[in-house]
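For reference, data.cif (mmCIF, C-alpha atoms and all ligand atoms):
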```cif
data_final
loop_
_atom_site.label_atom_id
_atom_site.label_comp_id
_atom_site.auth_asym_id
_atom_site.auth_seq_id
_atom_site.Cartn_x
_atom_site.Cartn_y
_atom_site.Cartn_z
CA MET A 1 -21.03 -47.40 11.48
CA ALA A 2 -23.92 -45.82 13.34
CA ASP A 3 -24.62 -42.25 12.23
CA GLU A 4 -24.70 -40.61 15.62
CA LYS A 5 -26.40 -37.22 15.61
CA LYS A 6 -24.27 -34.78 17.54
CA ALA A 7 -25.79 -32.14 19.79
CA TYR A 8 -25.72 -28.57 18.53
CA GLN A 9 -22.74 -27.10 20.36
CA PRO A 10 -21.63 -24.01 18.48
CA ILE A 11 -18.61 -21.87 19.29
CA GLY A 12 -19.91 -18.66 20.83
CA VAL A 13 -18.51 -15.34 19.64
CA PHE A 14 -19.36 -12.30 21.71
CA ASP A 15 -18.92 -8.59 21.16
CA SER A 16 -20.48 -5.42 22.53
CA GLY A 17 -21.94 -4.85 19.06
CA PHE A 18 -20.62 -5.14 15.54
CA GLY A 19 -16.82 -5.24 15.86
CA GLY A 20 -16.61 -8.94 16.67
CA LEU A 21 -18.02 -9.69 13.24
CA THR A 22 -14.58 -8.85 11.78
CA VAL A 23 -13.21 -11.67 13.95
CA LEU A 24 -16.11 -14.05 13.24
CA LYS A 25 -15.53 -13.63 9.50
CA GLU A 26 -11.96 -14.93 9.92
CA LEU A 27 -12.99 -17.70 12.34
CA VAL A 28 -15.49 -19.02 9.81
CA LYS A 29 -12.82 -18.88 7.08
CA GLU A 30 -10.35 -20.81 9.24
CA LEU A 31 -12.85 -23.31 10.73
CA PRO A 32 -15.65 -23.53 8.14
CA GLU A 33 -16.90 -26.89 9.33
CA HIS A 34 -17.73 -25.57 12.83
CA ASP A 35 -21.03 -24.13 14.04
CA PHE A 36 -20.87 -20.57 15.37
CA ILE A 37 -23.27 -18.33 17.28
CA TYR A 38 -22.55 -14.61 17.29
CA LEU A 39 -24.01 -12.42 20.01
CA GLY A 40 -23.77 -8.64 19.79
CA ASP A 41 -24.89 -6.68 22.84
CA ASN A 42 -25.91 -3.73 20.68
CA ALA A 43 -28.57 -2.59 23.14
CA ARG A 44 -25.82 -1.69 25.63
CA ALA A 45 -22.93 -0.82 23.28
CA PRO A 46 -20.48 0.79 23.24
CA TYR A 47 -18.56 -0.82 26.10
CA GLY A 48 -15.38 1.20 25.46
CA SER A 49 -16.00 3.94 28.01
CA ARG A 50 -17.82 1.86 30.65
CA SER A 51 -16.51 0.89 34.08
CA TYR A 52 -14.96 -2.46 34.96
CA GLU A 53 -18.04 -3.49 36.93
CA THR A 54 -20.42 -2.71 34.08
CA VAL A 55 -18.35 -4.38 31.35
CA TYR A 56 -17.87 -7.44 33.57
CA GLU A 57 -21.56 -7.68 34.48
CA TYR A 58 -22.76 -7.27 30.85
CA THR A 59 -20.16 -9.66 29.47
CA LEU A 60 -20.88 -12.37 32.04
CA GLU A 61 -24.60 -12.12 31.36
CA CYS A 62 -24.02 -12.59 27.63
CA VAL A 63 -21.59 -15.47 28.17
CA LYS A 64 -24.26 -17.23 30.27
CA HIS A 65 -26.76 -16.78 27.44
CA LEU A 66 -24.28 -18.35 25.01
CA PHE A 67 -23.76 -21.27 27.39
CA ASP A 68 -27.55 -21.70 27.59
CA MET A 69 -27.65 -21.80 23.78
CA GLY A 70 -25.32 -24.81 23.78
CA CYS A 71 -21.84 -23.27 23.60
CA HIS A 72 -18.99 -24.96 25.46
CA LEU A 73 -16.43 -22.50 24.17
CA VAL A 74 -16.92 -18.73 23.93
CA VAL A 75 -14.56 -16.21 22.34
CA LEU A 76 -14.83 -12.65 23.62
CA ALA A 77 -14.25 -10.97 20.25
CA CYS A 78 -14.13 -7.61 21.98
CA ASN A 79 -10.94 -6.10 23.39
CA THR A 80 -12.79 -4.10 26.00
CA ALA A 81 -14.52 -7.21 27.37
CA SER A 82 -11.29 -9.22 27.08
CA ALA A 83 -9.44 -6.50 29.00
CA LYS A 84 -11.99 -5.89 31.71
CA ALA A 85 -13.97 -9.09 32.19
CA LEU A 86 -12.08 -12.13 30.89
CA ARG A 87 -9.79 -12.84 33.86
CA THR A 88 -12.57 -12.60 36.43
CA ILE A 89 -14.87 -14.81 34.37
CA GLN A 90 -12.11 -17.39 33.88
CA GLN A 91 -10.89 -17.39 37.46
CA LYS A 92 -13.98 -16.63 39.53
CA ASP A 93 -17.11 -17.51 37.56
CA LEU A 94 -16.30 -20.52 35.38
CA PRO A 95 -15.23 -22.79 38.25
CA LYS A 96 -18.64 -22.14 39.83
CA ILE A 97 -21.04 -21.97 36.90
CA ALA A 98 -19.45 -24.13 34.19
CA PRO A 99 -16.16 -25.81 35.17
CA THR A 100 -15.81 -27.71 31.88
CA LYS A 101 -16.56 -24.72 29.64
CA ARG A 102 -14.02 -22.18 28.43
CA VAL A 103 -13.97 -18.48 27.62
CA LEU A 104 -11.10 -17.05 25.56
CA GLY A 105 -10.20 -13.47 24.63
CA VAL A 106 -8.64 -11.63 21.70
CA ILE A 107 -5.76 -9.82 23.38
CA ARG A 108 -3.30 -12.66 23.80
CA PRO A 109 -2.92 -13.87 20.19
CA THR A 110 -1.50 -10.56 18.88
CA THR A 111 0.65 -9.95 21.97
CA GLU A 112 2.31 -13.34 21.38
CA LEU A 113 3.44 -12.15 17.96
CA ILE A 114 4.01 -8.40 18.07
CA GLY A 115 7.71 -8.67 18.98
CA ASN A 116 8.42 -10.58 15.77
CA TYR A 117 7.37 -7.52 13.78
CA SER A 118 9.54 -4.97 15.55
CA LYS A 119 13.24 -4.27 15.03
CA SER A 120 13.29 -1.00 16.97
CA LYS A 121 11.68 -2.66 20.07
CA HIS A 122 9.14 0.18 20.22
CA VAL A 123 5.56 -0.86 19.49
CA GLY A 124 2.15 0.81 19.64
CA VAL A 125 -1.37 -0.18 20.63
CA LEU A 126 -4.51 1.61 19.42
CA GLY A 127 -7.71 0.82 21.34
CA THR A 128 -10.77 2.10 23.16
CA SER A 129 -10.34 4.18 26.33
CA GLY A 130 -11.35 1.13 28.39
CA THR A 131 -8.82 -1.18 26.80
CA VAL A 132 -6.01 1.36 27.07
CA SER A 133 -6.72 2.29 30.68
CA SER A 134 -6.93 -1.38 31.71
CA GLY A 135 -3.25 -1.78 30.81
CA SER A 136 -3.98 -5.33 29.60
CA TYR A 137 -1.84 -5.00 26.49
CA LEU A 138 1.11 -3.79 28.55
CA VAL A 139 0.80 -6.76 30.90
CA GLU A 140 0.39 -9.35 28.13
CA ILE A 141 3.17 -8.01 25.88
CA GLU A 142 5.54 -7.91 28.86
CA LYS A 143 4.98 -11.66 29.35
CA PHE A 144 6.13 -12.55 25.83
CA PHE A 145 8.51 -9.71 24.94
CA PRO A 146 9.84 -8.07 28.13
CA ASP A 147 12.35 -6.02 26.11
CA LEU A 148 9.65 -4.16 24.15
CA LYS A 149 8.58 -0.61 25.00
CA VAL A 150 4.83 -0.26 24.49
CA TYR A 151 3.04 3.02 23.74
CA GLN A 152 -0.76 3.25 23.80
CA GLU A 153 -3.29 5.64 22.34
CA ALA A 154 -7.01 5.68 23.18
CA CYS A 155 -9.18 6.53 20.17
CA PRO A 156 -12.64 7.13 21.65
CA MET A 157 -14.10 8.64 18.46
CA TRP A 158 -13.25 5.75 16.15
CA VAL A 159 -15.96 3.27 17.19
CA PRO A 160 -18.81 5.84 16.88
CA LEU A 161 -17.48 6.96 13.48
CA ILE A 162 -17.37 3.39 12.24
CA GLU A 163 -20.73 2.40 13.74
CA ASN A 164 -22.37 5.41 12.11
CA ASN A 165 -20.75 4.56 8.78
CA GLU A 166 -18.98 7.94 8.73
CA MET A 167 -15.54 6.45 8.27
CA ASP A 168 -15.15 7.41 4.61
CA ASN A 169 -15.93 11.06 5.24
CA GLU A 170 -13.45 13.87 5.84
CA GLY A 171 -14.50 14.23 9.47
CA ALA A 172 -13.25 10.71 10.06
CA ASP A 173 -9.85 11.52 8.54
CA PHE A 174 -9.39 14.27 11.09
CA PHE A 175 -9.88 11.90 14.02
CA ILE A 176 -7.96 9.01 12.50
CA LYS A 177 -4.95 11.23 11.77
CA LYS A 178 -5.19 12.87 15.19
CA HIS A 179 -4.80 9.62 17.12
CA VAL A 180 -2.23 8.08 14.79
CA ASP A 181 -0.17 11.27 15.16
CA HIS A 182 -0.54 11.21 18.96
CA LEU A 183 0.78 7.66 19.02
CA MET A 184 3.78 8.42 16.82
CA GLN A 185 4.52 11.64 18.76
CA GLN A 186 5.07 9.51 21.85
CA GLN A 187 7.90 7.66 20.07
CA SER A 188 8.90 8.10 16.44
CA LYS A 189 10.76 4.75 16.43
CA ILE A 190 7.53 2.73 16.73
CA ASP A 191 7.67 0.17 13.90
CA ALA A 192 4.76 -2.20 14.74
CA VAL A 193 1.22 -1.36 15.85
CA ILE A 194 -1.60 -3.57 17.16
CA LEU A 195 -5.17 -2.65 16.26
CA GLY A 196 -6.55 -3.37 19.73
CA CYS A 197 -10.22 -3.00 18.86
CA THR A 198 -12.24 -5.30 16.66
CA HIS A 199 -13.86 -2.34 14.89
CA TYR A 200 -10.61 -0.95 13.54
CA PRO A 201 -10.08 -3.30 10.58
CA LEU A 202 -12.77 -1.22 8.85
CA ILE A 203 -10.43 1.77 8.85
CA LEU A 204 -7.22 -0.21 8.38
CA ASN A 205 -6.30 1.51 5.11
CA LYS A 206 -6.76 4.97 6.56
CA ILE A 207 -4.71 4.10 9.63
CA LYS A 208 -1.96 2.81 7.35
CA ASP A 209 -2.13 6.00 5.27
CA TYR A 210 -1.35 8.12 8.31
CA LEU A 211 1.36 5.84 9.73
CA PRO A 212 4.90 5.91 8.33
CA ALA A 213 5.14 3.32 5.54
CA GLN A 214 7.59 1.06 7.39
CA VAL A 215 5.22 0.46 10.36
CA ALA A 216 3.70 -3.04 10.45
CA VAL A 217 0.01 -3.09 11.42
CA LEU A 218 -1.41 -6.19 13.13
CA SER A 219 -5.13 -6.67 12.75
CA GLN A 220 -6.69 -9.29 15.01
CA GLY A 221 -9.10 -11.35 12.89
CA SER A 222 -6.82 -13.82 11.13
CA ILE A 223 -4.38 -14.00 14.06
CA VAL A 224 -7.20 -14.85 16.50
CA ALA A 225 -8.58 -17.40 14.03
CA GLN A 226 -5.20 -19.14 13.74
CA GLY A 227 -4.92 -19.02 17.55
CA LEU A 228 -8.32 -20.69 17.98
CA LYS A 229 -7.43 -23.40 15.49
CA ASN A 230 -4.22 -24.14 17.41
CA TYR A 231 -6.16 -24.10 20.68
CA LEU A 232 -8.62 -26.71 19.39
CA ASN A 233 -5.73 -28.88 18.19
CA ARG A 234 -4.13 -28.69 21.62
CA HIS A 235 -7.44 -29.33 23.43
CA PRO A 236 -9.18 -32.33 21.83
CA GLU A 237 -11.56 -32.49 24.80
CA MET A 238 -12.87 -29.04 23.80
CA GLU A 239 -12.81 -29.75 20.08
CA MET A 240 -15.08 -32.78 20.81
CA ASN A 241 -17.58 -30.41 22.41
CA CYS A 242 -17.84 -28.16 19.35
CA SER A 243 -20.33 -29.35 16.76
CA LYS A 244 -19.58 -29.26 13.06
CA GLY A 245 -22.59 -28.40 10.95
CA GLY A 246 -21.12 -25.31 9.29
CA ALA A 247 -24.01 -23.13 10.59
CA VAL A 248 -23.48 -19.47 11.54
CA THR A 249 -26.29 -17.90 13.58
CA PHE A 250 -26.52 -14.28 14.68
CA PHE A 251 -28.16 -12.74 17.75
CA THR A 252 -28.39 -9.12 18.82
CA THR A 253 -29.77 -7.67 22.02
CA ASP A 254 -31.16 -4.71 20.01
CA LEU A 255 -33.44 -4.61 16.97
CA SER A 256 -32.46 -7.30 14.48
CA GLU A 257 -33.37 -5.21 11.46
CA THR A 258 -31.05 -2.40 12.53
CA PHE A 259 -28.34 -4.93 13.28
CA ASP A 260 -28.65 -6.61 9.88
CA ASN A 261 -28.34 -3.30 8.02
CA ALA A 262 -24.97 -2.45 9.54
CA ALA A 263 -23.65 -5.97 10.18
CA SER A 264 -22.91 -6.83 6.56
CA LEU A 265 -20.34 -4.02 6.47
CA PHE A 266 -18.36 -5.74 9.22
CA TYR A 267 -19.02 -9.34 8.20
CA GLY A 268 -18.56 -8.87 4.49
CA SER A 269 -21.79 -10.62 3.49
CA ALA A 270 -25.50 -10.45 4.30
CA VAL A 271 -26.53 -11.13 7.89
CA LYS A 272 -29.96 -12.19 9.17
CA SER A 273 -30.09 -11.95 12.93
CA ASN A 274 -32.45 -12.93 15.73
CA HIS A 275 -33.33 -10.78 18.71
CA LEU A 276 -32.20 -11.92 22.15
CA ALA A 277 -34.11 -10.37 25.02
CA LEU A 278 -31.90 -9.82 28.05
N1 LIG B 1 -15.28 -3.88 19.59
C1 LIG B 1 -14.91 -3.38 20.90
C2 LIG B 1 -13.45 -3.70 21.19
O1 LIG B 1 -12.83 -4.51 20.50
C3 LIG B 1 -15.13 -1.90 21.07
C4 LIG B 1 -16.52 -1.42 20.88
C5 LIG B 1 -17.12 -0.80 22.11
O2 LIG B 1 -16.61 0.21 22.61
O3 LIG B 1 -18.13 -1.34 22.55
O4 LIG B 1 -12.91 -3.15 22.11
#
```

Show how you would write the structure in this file as structure tokens.
Amino acid sequence: MADEKKAYQPIGVFDSGFGGLTVLKELVKELPEHDFIYLGDNARAPYGSRSYETVYEYTLECVKHLFDMGCHLVVLACNTASAKALRTIQQKDLPKIAPTKRVLGVIRPTTELIGNYSKSKHVGVLGTSGTVSSGSYLVEIEKFFPDLKVYQEACPMWVPLIENNEMDNEGADFFIKKHVDHLMQQQSKIDAVILGCTHYPLILNKIKDYLPAQVAVLSQGSIVAQGLKNYLNRHPEMEMNCSKGGAVTFFTTDLSETFDNAASLFYGSAVKSNHLAL
């Protein structure tokens, strides 16, 4: 049988900065044979407090770069970008710029499951201001579990605390407790919570400490990874367009040295990135 060399067609994974690395880590665990390219737009992060127009414009630009680097499939491993840019890119841009390529987000996989974790039918979502104000979680959860009541809390201080590696200090406890309390004050019957930001797995234990013990906490990484695996099984035409060399390559729009220093915290092992000039 001829040994046909396949083109390098990695799965693109995009985030505003570091948070998507918590998703990438799980994607690589679930699909180790695949090639992946990670792109963090650190030069313009955080996205959490930016307008729709800005998040959409930045995200689309980065998606185009990933397409240029050979990706046929891109995962927006950022809730803010998934909430504010995904639909427009899927519906308006892809048909024009790349009709056979696909862009997926991270919001849907957890919203498909959250109802299975709740007996009280009251669930919570913790996210950036942008994700919360977009209402995307409310819309998506309603599609799968219309009988659930959803309560949201924006936690604008959490991403900066995590990115500055301040999360183990007392100052961080103050802000983590504050937002967890605000969520539970809205409805004490909440018994399942989605971490709607890819940074939050780094403070998962602290969030759990401040939540009542019976509350289930859904972190996105492994759920998104399982979702992508199922997607590729259901879409052999896309699976064929994803190369399998087991390579993971990192790009940042900011300084690669700075990126590498912080990235290992999110990814769980050493990272050596390349700079991408926008
Ligand atoms: N990781 C992004 C998310 O999941 C938030 C980081 C940011 O604000 O840029 O929403």

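Neighbours of ligand LIG 1 (chain B) at a cut-off of 7 Å, computed so that only C-alpha atoms and all ligand atoms are counted, are the residues Asp15, Ser16, Gly17, Phe18, Gly19, Gly20, Ala45, Pro46, Tyr47, Gly48, Ser49, Ala77, Cys78, Asn79, Thr80, Ala81, Gly127, Thr128, Thr131, Val159, Gly196, Cys197, Thr198 and His199 of chain A.
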
Build an axis-aligned box that encloses every atom of stretch 173-179 of chain A listed in the file, pad it by 8 Å on each side, and report its centre and edge lengths in Å to one decimal, as AutoDock Vina command-line options.
```
--center_x -7.3 --center_y 11.6 --center_z 12.8 --size_x 21.1 --size_y 21.3 --size_z 24.6
```

Got a sec: who's within 7 Å of stretch 100-102 of chain A, counting all atoms listed in the file, leaving out chain neighbours fewer than 4 positions off, as a PDB file with C-alpha atoms, in the coordinates of the input?
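Generated output (out-v9.pdb):
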```
ATOM      1  CA  HIS A  72     -18.990 -24.960  25.460  1.00  0.00           C
ATOM      2  CA  LEU A  73     -16.430 -22.500  24.170  1.00  0.00           C
ATOM      3  CA  VAL A  74     -16.920 -18.730  23.930  1.00  0.00           C
TER       4      VAL A  74
END
```

Between A:Gly135, A:Ala247, A:Val271, A:Cys155, smallest distance to A:Ile207 by all atoms listed in the file belongs to A:Cys155

Subject >> Shell around A:His182 at 10 Å using only C-alpha atoms, local window under 2 positions removed, as a PyMOL selection string >> reply: chain A and resi 152-155+177-180+184-187

Any idea what's packed within 8 Å of A:Tyr137, counting only C-alpha atoms, ignoring anything in its chain fewer than 6 positions away? Could you give it as a PyMOL selection string? chain A and resi 107+111+125+131

Notebook entry, point to check: When you draw a straight line from atom CA of A:Ala270 to atom CA of A:Glu33, how long is it in Å?
Noted result: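 Interatomic distance here is 19.2 Å.
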
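Across the structure, atom CA of A:Lys25 and atom CA of A:Phe145 are spaced 28.8 Å apart.
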
Work out how far apart atom CA of A:Leu255 and atom CA of A:Asp41 are and give it in Å to one decimal.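 So the two atoms, atom CA of A:Leu255 and atom CA of A:Asp41, lie 10.6 Å apart.
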
Residue with the minimum atom-to-atom distance to A:Val193, picked from A:Asn42, A:Ser243, A:Thr22, A:Gln220 with all atoms listed in the file counted, is A:Gln220

inquiry  = Applying 7 Å and all atoms listed in the file, which residues near A:His122 remain after dropping the ones on its own chain fewer than 3 positions away? List them as a list in words.
reply    = Ser118, Leu148, Lys149, Val150, Lys189, Ile190 and Asp191 of chain A

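The smallest atom-to-atom distance between A:Leu232 and any of A:Glu26, A:Glu53, A:Glu142, A:Leu104, using only C-alpha atoms, is found for A:Leu104.
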
Judged by only C-alpha atoms, the minimum distance to A:Ile223 among A:Leu31, A:Val106, A:Ile203, A:Leu265 is found for A:Val106

Could you produce a table of the residues of stretch 132-203 of chain A lying within 12 Å of stretch 258-262 of chain A, with the nearest pair of atoms per residue and their separation in Å rounded to one decimal, using only C-alpha atoms, ordered by chain and increasing residue number, as a tab-separated table?
```
residue	atom	partner	partner_atom	distance
A:Ile162	CA	A:Ala262	CA	10.0
A:Glu163	CA	A:Ala262	CA	7.7
A:Asn164	CA	A:Ala262	CA	8.7
A:Asn165	CA	A:Ala262	CA	8.2
```

From the list A:Leu76, A:Ile114, A:Glu30, A:Ile11, the nearest residue to A:Lys229 using all atoms listed in the file is A:Glu30

**Message:** Could you check the closest approach to A:Lys206 for each of A:Val224, A:Leu138, A:Cys62, A:Met167 and tell me which residue wins, using all atoms listed in the file?
**Reply:**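 The answer is A:Met167, which sits nearest to A:Lys206.
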
task = With a distance cut-off of 12 Å and all atoms listed in the file, select the neighbouring residues of A:Asp93, excluding the residue or stretch itself and same-chain residues fewer than 3 positions from it, and output the selection as number ranges by chain.
result = A: 56-57, 59-61, 63-64, 85-90, 96-103
